[in-house]
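**Q** Below is coords.cif; it holds mmCIF, C-alpha atoms.
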data_run
loop_
_atom_site.group_PDB
_atom_site.id
_atom_site.type_symbol
_atom_site.label_atom_id
_atom_site.label_comp_id
_atom_site.auth_asym_id
_atom_site.auth_seq_id
_atom_site.Cartn_x
_atom_site.Cartn_y
_atom_site.Cartn_z
ATOM 1 C CA MET A 156 95.391 56.940 202.647
ATOM 2 C CA PRO A 157 99.195 56.636 202.843
ATOM 3 C CA ASN A 158 101.124 59.777 203.676
ATOM 4 C CA GLN A 159 102.556 61.221 200.475
ATOM 5 C CA SER A 160 104.053 64.399 201.914
ATOM 6 C CA ARG A 161 107.610 63.242 201.364
ATOM 7 C CA PRO A 162 108.974 64.079 197.891
ATOM 8 C CA LYS A 163 109.003 60.920 195.803
ATOM 9 C CA VAL A 164 112.552 61.534 194.555
ATOM 10 C CA LYS A 165 113.898 61.622 198.112
ATOM 11 C CA LYS A 166 111.798 58.620 199.023
ATOM 12 C CA SER A 167 113.169 56.768 195.991
ATOM 13 C CA ARG A 168 116.749 57.490 197.010
ATOM 14 C CA ALA A 169 116.077 56.496 200.620
ATOM 15 C CA LEU A 170 114.638 53.141 199.554
ATOM 16 C CA GLY A 171 117.100 52.520 196.729
ATOM 17 C CA ILE A 172 114.441 52.204 193.998
ATOM 18 C CA ALA A 173 112.879 54.630 191.522
ATOM 19 C CA LEU A 174 109.197 54.948 192.410
ATOM 20 C CA THR A 175 108.220 57.095 189.411
ATOM 21 C CA PRO A 176 109.582 57.574 185.884
ATOM 22 C CA LYS A 177 110.553 61.119 186.834
ATOM 23 C CA ALA A 178 112.602 59.829 189.749
ATOM 24 C CA VAL A 179 114.674 57.507 187.552
ATOM 25 C CA LYS A 180 117.138 60.126 186.283
ATOM 26 C CA TYR A 181 117.549 61.683 189.725
ATOM 27 C CA PHE A 182 118.078 58.304 191.313
ATOM 28 C CA GLU A 183 120.635 57.279 188.709
ATOM 29 C CA ALA A 184 122.582 60.467 189.362
ATOM 30 C CA ARG A 185 122.453 60.080 193.153
ATOM 31 C CA PRO A 186 121.910 56.404 194.018
ATOM 32 C CA TYR A 187 122.355 56.900 197.754
ATOM 33 C CA PRO A 188 120.063 58.068 200.572
ATOM 34 C CA PRO A 189 119.250 61.807 200.742
ATOM 35 C CA GLY A 190 120.740 64.090 203.333
ATOM 36 C CA GLU A 191 124.186 65.310 204.346
ATOM 37 C CA HIS A 192 125.344 61.845 205.399
ATOM 38 C CA GLY A 193 123.538 59.851 202.735
ATOM 39 C CA ARG A 194 126.696 58.487 201.110
ATOM 40 C CA GLY A 195 127.998 57.070 204.351
ATOM 41 C CA ARG A 196 124.884 55.334 205.617
ATOM 42 C CA LYS A 197 124.983 51.562 205.924
ATOM 43 C CA GLN A 198 122.413 48.969 206.865
ATOM 44 C CA ASN A 199 124.248 47.461 209.833
ATOM 45 C CA SER A 200 121.661 45.159 211.387
ATOM 46 C CA ASP A 201 119.383 42.333 210.286
ATOM 47 C CA TYR A 202 116.379 44.291 211.524
ATOM 48 C CA LYS A 203 117.222 47.338 209.409
ATOM 49 C CA VAL A 204 117.740 45.215 206.305
ATOM 50 C CA ARG A 205 114.345 43.550 206.738
ATOM 51 C CA LEU A 206 112.622 46.815 207.598
ATOM 52 C CA LEU A 207 114.015 48.471 204.472
ATOM 53 C CA GLU A 208 112.833 45.604 202.285
ATOM 54 C CA LYS A 209 109.351 45.812 203.777
ATOM 55 C CA GLN A 210 109.251 49.566 203.188
ATOM 56 C CA ARG A 211 110.426 49.108 199.598
ATOM 57 C CA LEU A 212 107.588 46.702 198.870
ATOM 58 C CA ARG A 213 105.043 48.953 200.560
ATOM 59 C CA ALA A 214 106.217 51.970 198.588
ATOM 60 C CA GLN A 215 105.963 50.220 195.231
ATOM 61 C CA TYR A 216 102.269 49.572 195.892
ATOM 62 C CA ASP A 217 101.730 52.844 197.787
ATOM 63 C CA ILE A 218 99.917 51.143 200.652
ATOM 64 C CA SER A 219 99.639 51.734 204.384
ATOM 65 C CA GLU A 220 101.170 49.478 207.007
ATOM 66 C CA ARG A 221 97.717 48.252 207.930
ATOM 67 C CA GLN A 222 97.015 47.219 204.340
ATOM 68 C CA MET A 223 100.377 45.471 204.193
ATOM 69 C CA VAL A 224 99.661 43.487 207.337
ATOM 70 C CA ARG A 225 96.276 42.403 205.989
ATOM 71 C CA ALA A 226 97.878 41.194 202.770
ATOM 72 C CA TYR A 227 100.534 39.337 204.762
ATOM 73 C CA ASP A 228 97.867 37.636 206.909
ATOM 74 C CA ARG A 229 96.100 36.404 203.759
ATOM 75 C CA ALA A 230 99.402 35.260 202.270
ATOM 76 C CA ARG A 231 100.219 33.189 205.359
ATOM 77 C CA LYS A 232 97.042 31.179 204.795
ATOM 78 C CA ALA A 233 97.724 30.580 201.119
ATOM 79 C CA GLU A 234 99.416 27.533 199.661
ATOM 80 C CA GLY A 235 103.086 27.716 198.738
ATOM 81 C CA LYS A 236 105.696 30.207 199.879
ATOM 82 C CA THR A 237 104.329 33.056 201.976
ATOM 83 C CA GLY A 238 106.577 35.670 200.365
ATOM 84 C CA GLU A 239 105.493 34.812 196.843
ATOM 85 C CA ALA A 240 101.848 34.689 197.937
ATOM 86 C CA LEU A 241 102.262 38.159 199.473
ATOM 87 C CA VAL A 242 103.468 39.671 196.208
ATOM 88 C CA VAL A 243 100.602 38.012 194.324
ATOM 89 C CA GLU A 244 98.123 39.382 196.879
ATOM 90 C CA LEU A 245 99.432 42.907 196.375
ATOM 91 C CA GLU A 246 99.513 42.538 192.606
ATOM 92 C CA ARG A 247 95.788 41.699 192.603
ATOM 93 C CA ARG A 248 94.973 45.192 193.827
ATOM 94 C CA LEU A 249 92.913 47.149 191.314
ATOM 95 C CA ASP A 250 95.259 50.158 191.286
ATOM 96 C CA ALA A 251 98.293 47.916 190.711
ATOM 97 C CA LEU A 252 96.689 46.262 187.693
ATOM 98 C CA VAL A 253 95.541 49.602 186.253
ATOM 99 C CA LEU A 254 99.221 50.574 186.366
ATOM 100 C CA ARG A 255 100.449 47.312 184.808
ATOM 101 C CA SER A 256 97.922 47.604 181.987
ATOM 102 C CA GLY A 257 99.387 50.913 180.818
ATOM 103 C CA ILE A 258 96.234 52.895 181.543
ATOM 104 C CA ALA A 259 98.145 54.791 184.264
ATOM 105 C CA ARG A 260 101.743 55.993 184.341
ATOM 106 C CA THR A 261 102.410 55.592 188.073
ATOM 107 C CA ILE A 262 100.811 53.809 191.019
ATOM 108 C CA TYR A 263 99.823 57.222 192.372
ATOM 109 C CA GLN A 264 97.989 58.097 189.166
ATOM 110 C CA ALA A 265 96.326 54.667 189.103
ATOM 111 C CA ARG A 266 95.078 55.148 192.673
ATOM 112 C CA GLN A 267 93.636 58.536 191.751
ATOM 113 C CA MET A 268 91.850 57.111 188.700
ATOM 114 C CA VAL A 269 90.165 54.502 190.878
ATOM 115 C CA VAL A 270 89.289 56.833 193.763
ATOM 116 C CA HIS A 271 87.750 59.383 191.384
ATOM 117 C CA GLY A 272 85.394 56.766 190.002
ATOM 118 C CA HIS A 273 86.842 56.407 186.516
ATOM 119 C CA ILE A 274 87.256 52.610 186.660
ATOM 120 C CA GLU A 275 84.725 49.807 186.523
ATOM 121 C CA VAL A 276 85.053 46.061 187.072
ATOM 122 C CA ASN A 277 82.675 43.690 185.301
ATOM 123 C CA GLY A 278 80.415 46.641 184.459
ATOM 124 C CA GLY A 279 80.179 48.102 187.963
ATOM 125 C CA LYS A 280 81.999 51.176 189.284
ATOM 126 C CA VAL A 281 84.714 50.422 191.830
ATOM 127 C CA ASP A 282 86.342 53.298 193.714
ATOM 128 C CA LYS A 283 88.501 51.317 196.149
ATOM 129 C CA PRO A 284 92.137 50.918 195.039
ATOM 130 C CA SER A 285 92.455 47.890 197.332
ATOM 131 C CA PHE A 286 89.726 45.981 195.459
ATOM 132 C CA ARG A 287 91.064 42.470 194.773
ATOM 133 C CA VAL A 288 90.701 41.562 191.121
ATOM 134 C CA ALA A 289 89.929 37.907 190.412
ATOM 135 C CA PRO A 290 90.866 35.862 187.337
ATOM 136 C CA ASN A 291 88.564 36.590 184.376
ATOM 137 C CA ASP A 292 87.461 39.941 185.823
ATOM 138 C CA VAL A 293 87.239 42.619 183.124
ATOM 139 C CA VAL A 294 88.418 46.106 184.083
ATOM 140 C CA MET A 295 87.852 49.196 181.967
ATOM 141 C CA VAL A 296 87.613 52.965 182.051
ATOM 142 C CA ARG A 297 83.994 54.040 182.451
ATOM 143 C CA GLU A 298 82.243 55.300 179.338
ATOM 144 C CA ARG A 299 81.747 58.821 180.672
ATOM 145 C CA SER A 300 85.466 59.203 181.474
ATOM 146 C CA ARG A 301 86.978 57.970 178.216
ATOM 147 C CA SER A 302 86.968 61.354 176.460
ATOM 148 C CA LYS A 303 89.098 63.000 179.142
ATOM 149 C CA PRO A 304 92.587 64.049 177.920
ATOM 150 C CA LEU A 305 94.212 61.777 180.503
ATOM 151 C CA PHE A 306 92.576 58.690 179.030
ATOM 152 C CA GLU A 307 93.170 59.827 175.465
ATOM 153 C CA THR A 308 96.863 59.677 176.370
ATOM 154 C CA SER A 309 96.355 56.199 177.838
ATOM 155 C CA ARG A 310 94.585 55.027 174.689
ATOM 156 C CA ALA A 311 97.469 56.262 172.539
ATOM 157 C CA GLY A 312 99.939 54.248 174.622
ATOM 158 C CA GLY A 313 101.446 57.253 176.358
ATOM 159 C CA PHE A 314 101.584 55.518 179.738
ATOM 160 C CA ALA A 315 102.491 52.016 178.578
ATOM 161 C CA ALA A 316 105.615 50.567 180.139
ATOM 162 C CA ASP A 317 108.760 50.128 178.051
ATOM 163 C CA GLY A 318 108.743 46.381 178.667
ATOM 164 C CA GLU A 319 106.141 43.805 177.710
ATOM 165 C CA THR A 320 102.708 43.766 179.278
ATOM 166 C CA PRO A 321 102.661 41.106 182.034
ATOM 167 C CA ARG A 322 101.494 37.765 180.672
ATOM 168 C CA TYR A 323 98.728 37.465 183.238
ATOM 169 C CA LEU A 324 96.921 40.450 181.666
ATOM 170 C CA GLN A 325 95.059 40.661 178.378
ATOM 171 C CA VAL A 326 95.120 44.371 177.500
ATOM 172 C CA ASN A 327 93.243 46.381 174.874
ATOM 173 C CA LEU A 328 94.427 49.966 175.267
ATOM 174 C CA GLY A 329 92.285 51.088 172.356
ATOM 175 C CA ALA A 330 89.235 50.093 174.385
ATOM 176 C CA LEU A 331 90.857 51.217 177.666
ATOM 177 C CA ALA A 332 90.197 47.756 179.026
ATOM 178 C CA PHE A 333 91.995 44.669 180.306
ATOM 179 C CA ARG A 334 91.273 41.270 181.781
ATOM 180 C CA LEU A 335 93.142 39.376 184.478
ATOM 181 C CA ASP A 336 93.559 36.013 182.781
ATOM 182 C CA ARG A 337 95.057 34.273 185.795
ATOM 183 C CA LEU A 338 96.922 34.920 189.001
ATOM 184 C CA PRO A 339 100.519 35.943 188.322
ATOM 185 C CA ASN A 340 103.638 34.005 189.176
ATOM 186 C CA ARG A 341 106.065 35.876 191.399
ATOM 187 C CA LYS A 342 108.753 36.021 188.709
ATOM 188 C CA GLU A 343 106.311 37.786 186.379
ATOM 189 C CA VAL A 344 105.536 40.620 188.784
ATOM 190 C CA PRO A 345 107.752 43.651 188.073
ATOM 191 C CA VAL A 346 108.509 44.712 191.626
ATOM 192 C CA ILE A 347 111.970 44.957 193.171
ATOM 193 C CA CYS A 348 111.912 43.026 196.419
ATOM 194 C CA ASP A 349 113.379 40.111 198.313
ATOM 195 C CA GLU A 350 110.034 39.029 199.697
ATOM 196 C CA GLN A 351 111.591 36.450 202.017
ATOM 197 C CA LEU A 352 113.093 39.314 204.033
ATOM 198 C CA VAL A 353 109.625 40.844 204.311
ATOM 199 C CA VAL A 354 108.262 37.564 205.653
ATOM 200 C CA GLU A 355 111.102 37.416 208.162
ATOM 201 C CA TYR A 356 110.308 40.969 209.248
ATOM 202 C CA TYR A 357 106.701 40.109 210.075
ATOM 203 C CA ALA A 358 107.554 36.714 211.549
ATOM 204 C CA ARG A 359 110.036 38.130 214.040
#
As structure tokens, what does this structure read like?
**A**
Amino acid sequence: MPNQSRPKVKKSRALGIALTPKAVKYFEARPYPPGEHGRGRKQNSDYKVRLLEKQRLRAQYDISERQMVRAYDRARKAEGKTGEALVVELERRLDALVLRSGIARTIYQARQMVVHGHIEVNGGKVDKPSFRVAPNDVVMVRERSRSKPLFETSRAGGFAADGETPRYLQVNLGALAFRLDRLPNRKEVPVICDEQLVVEYYAR
């Protein structure tokens, strides 16, 4: 389980991206790293630039370094560009898709929903956030969990993103369910990252 002891607002400012809706307003007010010397910090080496990009991608999926390396190893063996394949690999994670569907508000909440056994895939309970969803898999909130206030909010659209639902998902919030129609294209995945820098970091 990734270490979440660091406040997410500070982490957002350090990485230059808002990791939660709550962090957005704080980040917009102070779009520089936290700390006394935050305004003056500069990324002054190729290594630091690539490291930061890798950390940004990791943070957006809330995964450990070990999980990131595993995803990168799978991406290297895939057809096409390794960086794009890496993002697609990460986007196939069950917790990531629960977030994209609008059932959860943040990646942290999506992870918790999965770990606590509220989510099923193709009719079977799955409690591993790293579960890789395949095209045509149907994901839904388990019957016994649907009456919980959290999921009532989900059903009413309270956690749905402001933008459009990604085209690779078919979502029915009323039924607290969605289907992965196909693997996403990189340009469709709403993460902020120059994935080529991440590839260069691991290929060094």
**Q** Applying the PyMOL selection byres ((chain A and resi 280-295) around 6) to the file I just gave you, which residues come out? Please list them as a ChimeraX atom specification.
**A** /A:247-250,266,269-270,272,274-277,279,296,331-337
**Q** Residues picked by the PyMOL selection byres ((chain A and resi 298-308) around 10) here, as a PyMOL selection string?
**A** chain A and resi 258-259+268+272-275+295-297+309-315+328-331
**Q** How would you write, as a PyMOL selection string, the residues chosen by the PyMOL selection byres ((chain A and resi 209) around 10) on this structure?
**A** chain A and resi 170+203-208+210-214+220+223+348-357
**Q** What does the distance from atom CA of A:Thr320 to atom CA of A:Lys163 come to in Å, to one decimal?
**A** 24.6 Å
**Q** To one decimal place, how far is atom CA of A:Val242 from atom CA of A:Asn199 in Å?
**A**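 Interatomic distance here is 26.0 Å.
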**Q** As lines of an AutoDock Vina configuration file, please: the centre and edge lengths in Å, to one decimal, of an axis-aligned box enclosing every listed atom of stretch 267-275 of chain A with 8 Å added on each side.
**A**
center_x = 89.2
center_y = 54.6
center_z = 190.1
size_x = 24.9
size_y = 25.6
size_z = 23.2
**Q** Give the answer as one residue: which of A:Leu324, A:Val224, A:Ile218, A:Ala358 has the shortest atom-to-atom distance to A:Asn340, using only C-alpha atoms?
**A**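 Checking each candidate against A:Asn340, we get A:Leu324 as the closest.
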**Q** In Å to one decimal, how far is atom CA of A:Val346 from atom CA of A:Gln215?
**A**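 Result for atom CA of A:Gln215 versus atom CA of A:Val346: 7.1 Å, one decimal.
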**Q** I'd like the contact shell of A:Pro321 - 8 Å cut-off, all atoms listed in the file, skipping same-chain residues fewer than 4 positions apart - returned as a list in words.
**A**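 The residues satisfying every condition are Arg255, Glu343 and Val344 of chain A.
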**Q** May I ask which of the residues A:Lys342, A:Tyr216, A:Tyr323, A:Lys166 is the closest one to A:Leu254, counting all atoms listed in the file?
**A**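 Using all atoms listed in the file, the shortest distance to A:Leu254 belongs to A:Tyr216.
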